[in-house]
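Reproduced below: model.txt, with compact mmCIF, C-alpha atoms.
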```txt
# COMPACT_ATOMS: atom_id res chain seq x y z
CA MET A 1 0.00 0.00 0.00
CA GLY A 2 3.02 2.31 0.38
CA CYS A 3 3.88 4.23 3.56
CA ASP A 4 2.47 2.84 6.80
CA ALA A 5 -1.24 2.25 6.64
CA LYS A 6 -3.43 1.07 9.44
CA PRO A 7 -7.01 0.05 9.02
CA ALA A 8 -9.57 2.29 10.65
CA GLY A 9 -12.84 0.56 10.48
CA ARG A 10 -13.92 -1.60 7.63
CA ARG A 11 -13.61 0.83 4.72
CA ALA A 12 -11.37 3.69 5.91
CA PHE A 13 -7.59 3.71 6.15
CA HIS A 14 -5.24 6.27 7.72
CA ARG A 15 -2.05 6.82 5.74
CA ARG A 16 1.12 8.21 7.25
CA CYS A 17 4.02 9.16 4.98
CA PRO A 18 7.46 10.10 6.11
CA SER A 19 8.59 13.75 5.88
CA PRO A 20 10.49 14.63 2.71
CA ARG A 21 14.22 14.35 2.81
CA TYR A 22 14.62 18.03 1.71
CA PRO A 23 12.13 20.30 3.53
CA GLY A 24 13.05 23.35 1.34
CA ALA A 25 12.55 21.61 -1.99
CA ARG A 26 9.07 23.03 -2.50
CA ARG A 27 10.25 26.54 -1.86
CA ASP A 28 13.25 26.15 -4.13
CA TYR A 29 11.02 24.86 -6.89
CA ALA A 30 8.68 27.87 -6.56
CA ILE A 31 11.62 30.28 -6.73
CA ALA A 32 13.03 28.47 -9.74
CA ILE A 33 9.86 28.78 -11.81
CA LEU A 34 9.08 32.43 -10.88
CA PRO A 35 11.19 33.92 -13.73
CA SER A 36 9.50 31.61 -16.21
CA LEU A 37 6.07 32.57 -14.92
CA GLY A 38 7.02 36.26 -15.14
CA LEU A 39 8.16 35.90 -18.73
CA LEU A 40 4.99 34.02 -19.55
CA ALA A 41 2.88 36.80 -17.99
CA LEU A 42 4.76 39.47 -19.98
CA ALA A 43 4.34 37.47 -23.17
CA LEU A 44 0.59 37.15 -22.55
CA ILE A 45 0.27 40.89 -21.84
CA ALA A 46 2.23 41.75 -24.98
CA ALA A 47 0.14 39.36 -27.07
CA ALA A 48 -3.07 40.90 -25.68
CA ALA A 49 -1.80 44.42 -26.43
CA ILE A 50 -0.85 43.47 -29.99
CA GLN A 51 -4.18 41.80 -30.53
CA THR A 52 -6.05 44.83 -29.17
CA TYR A 53 -4.00 47.22 -31.35
CA ALA A 54 -4.57 45.11 -34.44
CA GLY A 55 -8.25 44.70 -33.66
CA LEU A 56 -8.85 48.43 -33.14
CA ARG A 57 -6.75 49.55 -36.10
CA PRO A 58 -9.71 49.60 -38.52
CA LEU A 59 -11.69 51.72 -36.06
CA ARG A 60 -8.82 54.22 -35.76
CA ARG A 61 -8.71 54.47 -39.54
CA LEU A 62 -12.47 54.98 -39.59
CA GLU A 63 -12.07 57.71 -36.97
CA ARG A 64 -9.57 59.53 -39.22
CA ASP A 65 -11.90 59.23 -42.21
CA VAL A 66 -14.80 60.70 -40.22
CA ALA A 67 -12.53 63.52 -39.03
CA ASN A 68 -11.68 64.30 -42.67
CA ILE A 69 -15.39 64.56 -43.41
CA ARG A 70 -15.88 66.99 -40.53
CA LYS A 71 -12.97 69.11 -41.80
CA GLY A 72 -14.50 69.17 -45.27
CA ARG A 73 -11.67 67.27 -46.97
CA THR A 74 -14.03 64.61 -48.31
CA THR A 75 -17.75 63.92 -48.43
CA LYS A 76 -17.90 60.21 -47.55
CA VAL A 77 -15.99 57.39 -45.89
CA PRO A 78 -13.78 55.46 -48.37
CA GLY A 79 -15.05 51.99 -49.17
CA ASN A 80 -11.72 50.17 -48.91
CA GLN A 81 -12.26 49.16 -45.29
CA PRO A 82 -11.96 45.75 -43.57
CA ASP A 83 -15.01 43.51 -43.84
CA GLU A 84 -15.65 43.81 -40.10
CA VAL A 85 -16.44 47.54 -40.29
CA MET A 86 -18.02 47.71 -43.76
CA PRO A 87 -21.60 47.61 -42.40
CA LEU A 88 -20.77 50.64 -40.24
CA VAL A 89 -19.11 52.42 -43.19
CA GLU A 90 -22.12 51.84 -45.39
CA ALA A 91 -24.47 53.11 -42.67
CA VAL A 92 -22.41 56.29 -42.21
CA ASN A 93 -22.27 56.94 -45.96
CA ASP A 94 -26.02 56.41 -46.27
CA LEU A 95 -26.57 58.89 -43.45
CA LEU A 96 -24.29 61.44 -45.11
CA ALA A 97 -26.10 61.00 -48.43
CA ASP A 98 -29.47 61.56 -46.76
CA GLN A 99 -28.13 64.66 -45.01
CA GLU A 100 -26.78 66.04 -48.30
CA LYS A 101 -30.16 65.54 -49.96
CA ALA A 102 -31.93 67.29 -47.09
CA ILE A 103 -29.52 70.21 -47.24
CA ALA A 104 -29.88 70.51 -51.01
CA HIS A 105 -33.65 70.52 -50.58
CA ALA A 106 -33.43 73.23 -47.92
CA ARG A 107 -31.18 75.34 -50.14
CA THR A 108 -33.60 75.01 -53.04
CA ARG A 109 -36.51 75.98 -50.82
CA ALA A 110 -34.64 79.05 -49.58
CA ALA A 111 -33.84 80.12 -53.14
CA ASP A 112 -37.46 79.59 -54.20
CA LEU A 113 -38.66 81.66 -51.26
CA ALA A 114 -36.28 84.47 -52.12
CA HIS A 115 -37.33 84.52 -55.77
CA GLY A 116 -40.96 84.39 -54.72
CA LEU A 117 -40.50 87.48 -52.56
CA LYS A 118 -38.71 89.43 -55.27
CA THR A 119 -41.84 89.72 -57.38
CA PRO A 120 -43.92 91.44 -54.65
CA LEU A 121 -40.95 93.72 -53.96
CA THR A 122 -40.84 94.69 -57.61
CA VAL A 123 -44.54 95.48 -57.46
CA LEU A 124 -44.00 97.65 -54.38
CA THR A 125 -41.22 99.50 -56.15
CA SER A 126 -43.49 100.13 -59.12
CA LEU A 127 -46.22 101.41 -56.80
CA ALA A 128 -43.71 103.77 -55.21
CA ALA A 129 -42.83 105.15 -58.63
CA ARG A 130 -46.51 105.61 -59.42
CA LEU A 131 -47.10 107.44 -56.15
CA ARG A 132 -44.17 109.72 -56.89
CA ARG A 133 -45.59 110.60 -60.31
CA GLU A 134 -48.93 111.40 -58.68
CA GLY A 135 -47.35 113.71 -56.13
CA GLY A 136 -47.11 111.36 -53.15
CA THR A 137 -43.37 111.83 -52.81
CA ALA A 138 -43.15 111.24 -49.06
CA ALA A 139 -45.19 108.02 -49.20
CA ALA A 140 -43.21 106.86 -52.24
CA ASP A 141 -39.92 107.45 -50.43
CA ASP A 142 -41.11 105.45 -47.41
CA LEU A 143 -42.28 102.63 -49.65
CA ASP A 144 -38.99 102.62 -51.52
CA SER A 145 -37.07 102.57 -48.24
CA VAL A 146 -38.94 99.50 -47.00
CA ALA A 147 -39.24 97.57 -50.26
CA ALA A 148 -36.06 98.36 -52.13
CA ASP A 149 -33.72 98.67 -49.17
CA ASP A 150 -34.67 96.99 -45.90
CA MET A 151 -36.61 94.00 -47.24
CA ARG A 152 -34.16 93.24 -50.04
CA ARG A 153 -31.28 93.48 -47.60
CA GLN A 154 -32.96 91.04 -45.24
CA ILE A 155 -33.65 88.59 -48.07
CA GLU A 156 -30.04 88.77 -49.25
CA HIS A 157 -28.89 88.29 -45.67
CA GLN A 158 -30.96 85.13 -45.23
CA LEU A 159 -29.73 83.77 -48.57
CA VAL A 160 -26.14 84.36 -47.53
CA LEU A 161 -26.69 82.52 -44.25
CA ALA A 162 -28.43 79.63 -46.04
CA ARG A 163 -25.47 79.29 -48.41
CA ILE A 164 -22.93 79.48 -45.61
CA ARG A 165 -24.63 76.97 -43.32
CA THR A 166 -25.44 74.44 -46.01
CA GLY A 167 -22.39 74.89 -48.20
CA ALA A 168 -19.97 74.21 -45.37
CA GLN A 169 -21.50 70.75 -44.91
CA THR A 170 -21.46 69.68 -48.53
CA ARG A 171 -18.31 71.01 -50.19
CA SER A 172 -14.68 70.28 -49.50
CA ALA A 173 -12.80 72.99 -47.63
CA ALA A 174 -10.74 75.10 -50.04
CA HIS A 175 -7.45 76.84 -49.40
CA THR A 176 -7.99 80.41 -50.56
CA ILE A 177 -5.11 82.84 -51.10
CA LEU A 178 -5.78 86.02 -49.14
CA ARG A 179 -3.96 88.78 -51.01
CA PRO A 180 -5.80 88.64 -54.37
CA GLN A 181 -9.19 88.64 -52.65
CA VAL A 182 -8.26 91.58 -50.40
CA GLU A 183 -6.90 93.56 -53.35
CA ARG A 184 -10.05 92.86 -55.35
CA ILE A 185 -12.34 94.15 -52.58
CA VAL A 186 -10.15 97.17 -51.89
CA HIS A 187 -10.17 98.07 -55.61
CA THR A 188 -13.98 97.94 -55.58
CA LEU A 189 -14.23 100.10 -52.45
CA GLN A 190 -11.86 102.67 -53.93
CA GLN A 191 -14.27 103.26 -56.80
CA THR A 192 -17.05 104.47 -54.50
CA PRO A 193 -17.45 108.21 -53.80
CA ASP A 194 -15.29 109.73 -51.04
CA ARG A 195 -13.57 106.40 -50.36
CA ASN A 196 -10.63 106.66 -52.74
CA VAL A 197 -9.00 109.23 -50.45
CA LEU A 198 -8.06 106.60 -47.87
CA ASP A 199 -4.51 105.31 -47.66
CA TRP A 200 -4.66 101.52 -47.97
CA GLN A 201 -1.67 99.57 -46.69
CA ILE A 202 -1.81 95.89 -47.67
CA GLU A 203 0.88 93.87 -45.92
CA ILE A 204 -0.08 90.32 -46.85
CA GLY A 205 2.42 87.69 -47.93
CA THR A 206 1.85 86.06 -51.30
CA GLY A 207 1.59 82.62 -49.70
CA ALA A 208 -0.89 83.56 -46.94
CA ILE A 209 -3.98 81.34 -47.16
CA PHE A 210 -7.11 80.58 -45.15
CA THR A 211 -9.04 77.33 -45.16
CA ILE A 212 -12.31 78.80 -46.42
CA ASP A 213 -14.33 78.83 -49.61
CA THR A 214 -13.58 81.84 -51.84
CA ALA A 215 -17.21 83.00 -51.84
CA ASP A 216 -17.34 82.87 -48.03
CA LEU A 217 -14.05 84.76 -47.77
CA MET A 218 -15.26 87.48 -50.14
CA GLU A 219 -18.46 87.87 -48.13
CA LEU A 220 -16.49 87.99 -44.87
CA LEU A 221 -13.86 90.49 -46.02
CA GLY A 222 -16.43 92.57 -47.88
CA ASN A 223 -18.44 93.11 -44.70
CA LEU A 224 -15.39 93.85 -42.57
CA LEU A 225 -13.61 96.18 -45.00
CA GLU A 226 -16.79 98.08 -45.78
CA ASN A 227 -17.29 98.60 -42.05
CA GLU A 228 -13.72 99.83 -41.65
CA VAL A 229 -14.19 102.31 -44.50
CA LYS A 230 -17.18 103.87 -42.71
CA TRP A 231 -15.06 104.72 -39.67
CA ALA A 232 -11.52 105.26 -40.95
CA GLN A 233 -10.25 108.83 -41.19
CA ARG A 234 -7.16 108.52 -43.35
CA LYS A 235 -5.66 105.03 -43.24
CA ILE A 236 -6.58 101.32 -43.23
CA ILE A 237 -3.98 98.59 -42.72
CA VAL A 238 -4.58 94.96 -43.75
CA ALA A 239 -1.78 92.63 -42.62
CA THR A 240 -1.11 88.98 -41.84
CA GLN A 241 0.87 87.35 -39.05
CA THR A 242 1.90 83.74 -38.45
CA ALA A 243 2.94 82.18 -35.15
CA ASP A 244 2.63 78.83 -33.35
CA GLY A 245 1.05 77.12 -36.33
CA ARG A 246 -1.70 79.75 -36.72
CA ILE A 247 -2.28 82.52 -39.24
CA ALA A 248 -3.97 85.81 -38.45
CA LEU A 249 -5.37 88.55 -40.68
CA GLU A 250 -5.70 91.96 -39.04
CA ILE A 251 -7.72 94.90 -40.41
CA SER A 252 -7.02 98.18 -38.62
CA ASP A 253 -8.32 101.73 -39.05
CA ASP A 254 -7.50 105.08 -37.46
CA GLY A 255 -11.10 105.94 -36.61
CA PRO A 256 -12.68 106.60 -33.21
CA GLY A 257 -12.63 102.91 -32.22
CA MET A 258 -15.15 101.12 -30.00
CA SER A 259 -15.81 100.80 -26.31
CA GLU A 260 -15.75 97.37 -24.67
CA GLU A 261 -19.54 97.41 -24.44
CA ALA A 262 -19.88 98.35 -28.10
CA MET A 263 -17.58 95.49 -29.13
CA ILE A 264 -19.86 93.03 -27.35
CA ARG A 265 -23.01 94.54 -28.88
CA ALA A 266 -21.47 94.73 -32.35
CA PHE A 267 -22.05 91.03 -33.10
CA ARG A 268 -25.74 91.15 -32.29
CA ARG A 269 -27.85 90.92 -35.40
CA GLY A 270 -29.54 94.21 -36.33
CA VAL A 271 -27.58 96.37 -33.86
CA ARG A 272 -26.30 99.64 -35.35
CA LEU A 273 -23.71 101.45 -33.26
CA ASP A 274 -24.27 104.77 -35.03
CA GLU A 275 -27.66 105.54 -36.56
CA GLN A 276 -26.07 108.36 -38.57
CA ARG A 277 -23.94 105.96 -40.57
CA PRO A 278 -25.46 103.90 -43.42
CA GLY A 279 -26.07 100.20 -42.87
CA HIS A 280 -28.41 97.65 -41.37
CA GLY A 281 -26.46 96.28 -38.44
CA LEU A 282 -25.93 92.92 -40.18
CA GLY A 283 -22.30 93.13 -41.32
CA LEU A 284 -20.50 91.93 -38.18
CA ALA A 285 -23.27 89.43 -37.42
CA ILE A 286 -22.77 87.85 -40.86
CA ALA A 287 -18.99 87.97 -40.38
CA GLU A 288 -19.26 86.11 -37.08
CA GLU A 289 -21.53 83.50 -38.70
CA ILE A 290 -19.01 82.90 -41.48
CA CYS A 291 -16.11 82.69 -39.02
CA SER A 292 -17.96 80.26 -36.78
CA THR A 293 -18.78 78.00 -39.72
CA ASN A 294 -15.20 77.95 -41.01
CA GLY A 295 -13.30 77.58 -37.73
CA ILE A 296 -12.03 81.17 -37.63
CA ASP A 297 -11.69 83.18 -34.41
CA ILE A 298 -12.80 86.81 -34.77
CA ILE A 299 -11.59 89.33 -32.20
CA LEU A 300 -12.23 93.08 -31.87
CA ARG A 301 -9.81 95.37 -30.01
CA ARG A 302 -8.59 98.95 -29.90
CA ASN A 303 -5.26 99.57 -31.62
CA ALA A 304 -2.41 101.95 -30.78
CA GLN A 305 -3.95 104.71 -32.93
CA GLY A 306 -7.20 104.50 -30.99
CA GLY A 307 -9.08 102.92 -33.87
CA LEU A 308 -10.55 99.46 -34.31
CA THR A 309 -8.63 96.32 -35.20
CA VAL A 310 -10.47 93.21 -36.37
CA ARG A 311 -8.38 90.06 -36.05
CA LEU A 312 -9.24 86.86 -37.89
CA GLU A 313 -7.24 83.87 -36.67
CA GLN A 314 -7.22 80.29 -37.88
CA GLU A 315 -5.05 77.18 -37.67
CA GLN A 316 -2.52 77.46 -40.48
CA PRO A 317 -3.41 75.06 -43.31
CA HIS A 318 -0.93 72.28 -44.01
CA ALA A 319 0.66 72.30 -47.42
```
structure tokens encoding of this file:
Amino acid sequence: MGCDAKPAGRRAFHRRCPSPRYPGARRDYAIAILPSLGLLALALIAAAAIQTYAGLRPLRRLERDVANIRKGRTTKVPGNQPDEVMPLVEAVNDLLADQEKAIAHARTRAADLAHGLKTPLTVLTSLAARLRREGGTAAADDLDSVAADDMRRQIEHQLVLARIRTGAQTRSAAHTILRPQVERIVHTLQQTPDRNVLDWQIEIGTGAIFTIDTADLMELLGNLLENEVKWAQRKIIVATQTADGRIALEISDDGPGMSEEAMIRAFRRGVRLDEQRPGHGLGLAIAEEICSTNGIDIILRRNAQGGLTVRLEQEQPHA
């Protein structure tokens, strides 16, 4: 039976074995295999990490593709994805396609509404002319002011916002060179009465670019430069700066400037800071809308000459 066994009852036996010859053998064995167990644990951890990295790699690629869509670099997720994530890719692309159709429909509806309103405005303008011929000059002037000026301006404003908000979601972001667009707007402003006397200083490098659609940039700069012209006395400076991976465009005048309170109120839609100056109080509100849509920070501050400086700042596009 091995060892010394004594019967204890009919079916049970008590077994007594001698103590091992080497009492520390068990401990020595445990110490001996610890390095092997450690290496095995490290190998298992490394294998798990590699497996996790490899398993999540398609999702990281998908994350980059979605980020490119958000930045406007593409309009859908590429189809060359692993089979495991293709159902998700197809679902995302279907969602984007549905969104694009909805936006296109909204843009068409906005355009139809604008065209539909233009006909009544034309009628109102004709009625104003008729009143003027019949001697109702004051009433005709009021009608002209409402129909031909305020209402048309509001319609154009809403169309601009519709194009900005929908266009940013459906077209790829363009890199637009700043200097030619600034020079084009300045040339136009110089043709208007009493505005060609200003000294324009354009200090923009030939390679300075913003990530923004050309039409949006023209709308943005047009509003800002026109506002500067209203307040400048003799000089307007348009310059660019680059630092820490960001590019900034600054527009400065030598006018009376703005108070802190006025700078806050300036971005509110319909607010006019001086009722004696022409305008509708929509310029800076539109500018802020365009900047917000295109990832541009817009900042107002007083400059050293006491006038207003408008700073547009954006992450510098990669070549």
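Among the candidates A:Met258, A:Leu62, A:Ala102, A:Ala32, the residue lying nearest to A:Glu228 is A:Met258 (atoms considered: all atoms listed in the file).
From atom CA of A:Tyr53 back to atom CA of A:Pro35, the distance works out to 26.8 Å.
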In terms of the shortest atom-to-atom distance over only C-alpha atoms, which of A:Asp94, A:Asp65, A:Asp142, A:Glu203 is closest to A:Gln241?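 Smallest separation from A:Gln241 among the options: A:Glu203.
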Give me, as an MDAnalysis selection string, all polymer residues having an atom no more than 12 Å from A:Leu224, counting all atoms listed in the file and skipping those fewer than 4 positions away in the same chain. chainID A and resid 182 185:186 189 217:220 228:231 236 238 249:253 266:267 282:288 290:291 298:300 308:312
Atom CA of A:Ile204 and atom CA of A:Arg234, how far apart in Å?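 Atom-to-atom, atom CA of A:Arg234 to atom CA of A:Ile204, that is 19.8 Å.
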Taking only C-alpha atoms into account, name the residue in A:Glu63, A:Glu84, A:Glu183, A:Asp144 that is nearest to A:Ile202.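 Among the listed residues, the smallest separation from A:Ile202 belongs to A:Glu183.
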Could you jot down the atom CA of A:Leu117 to atom CA of A:Arg130 separation for me, Å, one decimal place? 20.3 Å
Counting only C-alpha atoms, what is within 9 Å of A:Gln316, bar same-chain residues fewer than 6 positions away, as number ranges by chain? A: 209-211, 242-248
Residue with the minimum atom-to-atom distance to A:Gly207, picked from A:Arg133, A:Pro120, A:Ala43, A:Pro317 with all atoms listed in the file counted, is A:Pro317
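Across A:Ile237, A:Ile212, A:Leu44, A:Leu56, the tightest approach to A:Glu315 is made by A:Ile212 when counting only C-alpha atoms.
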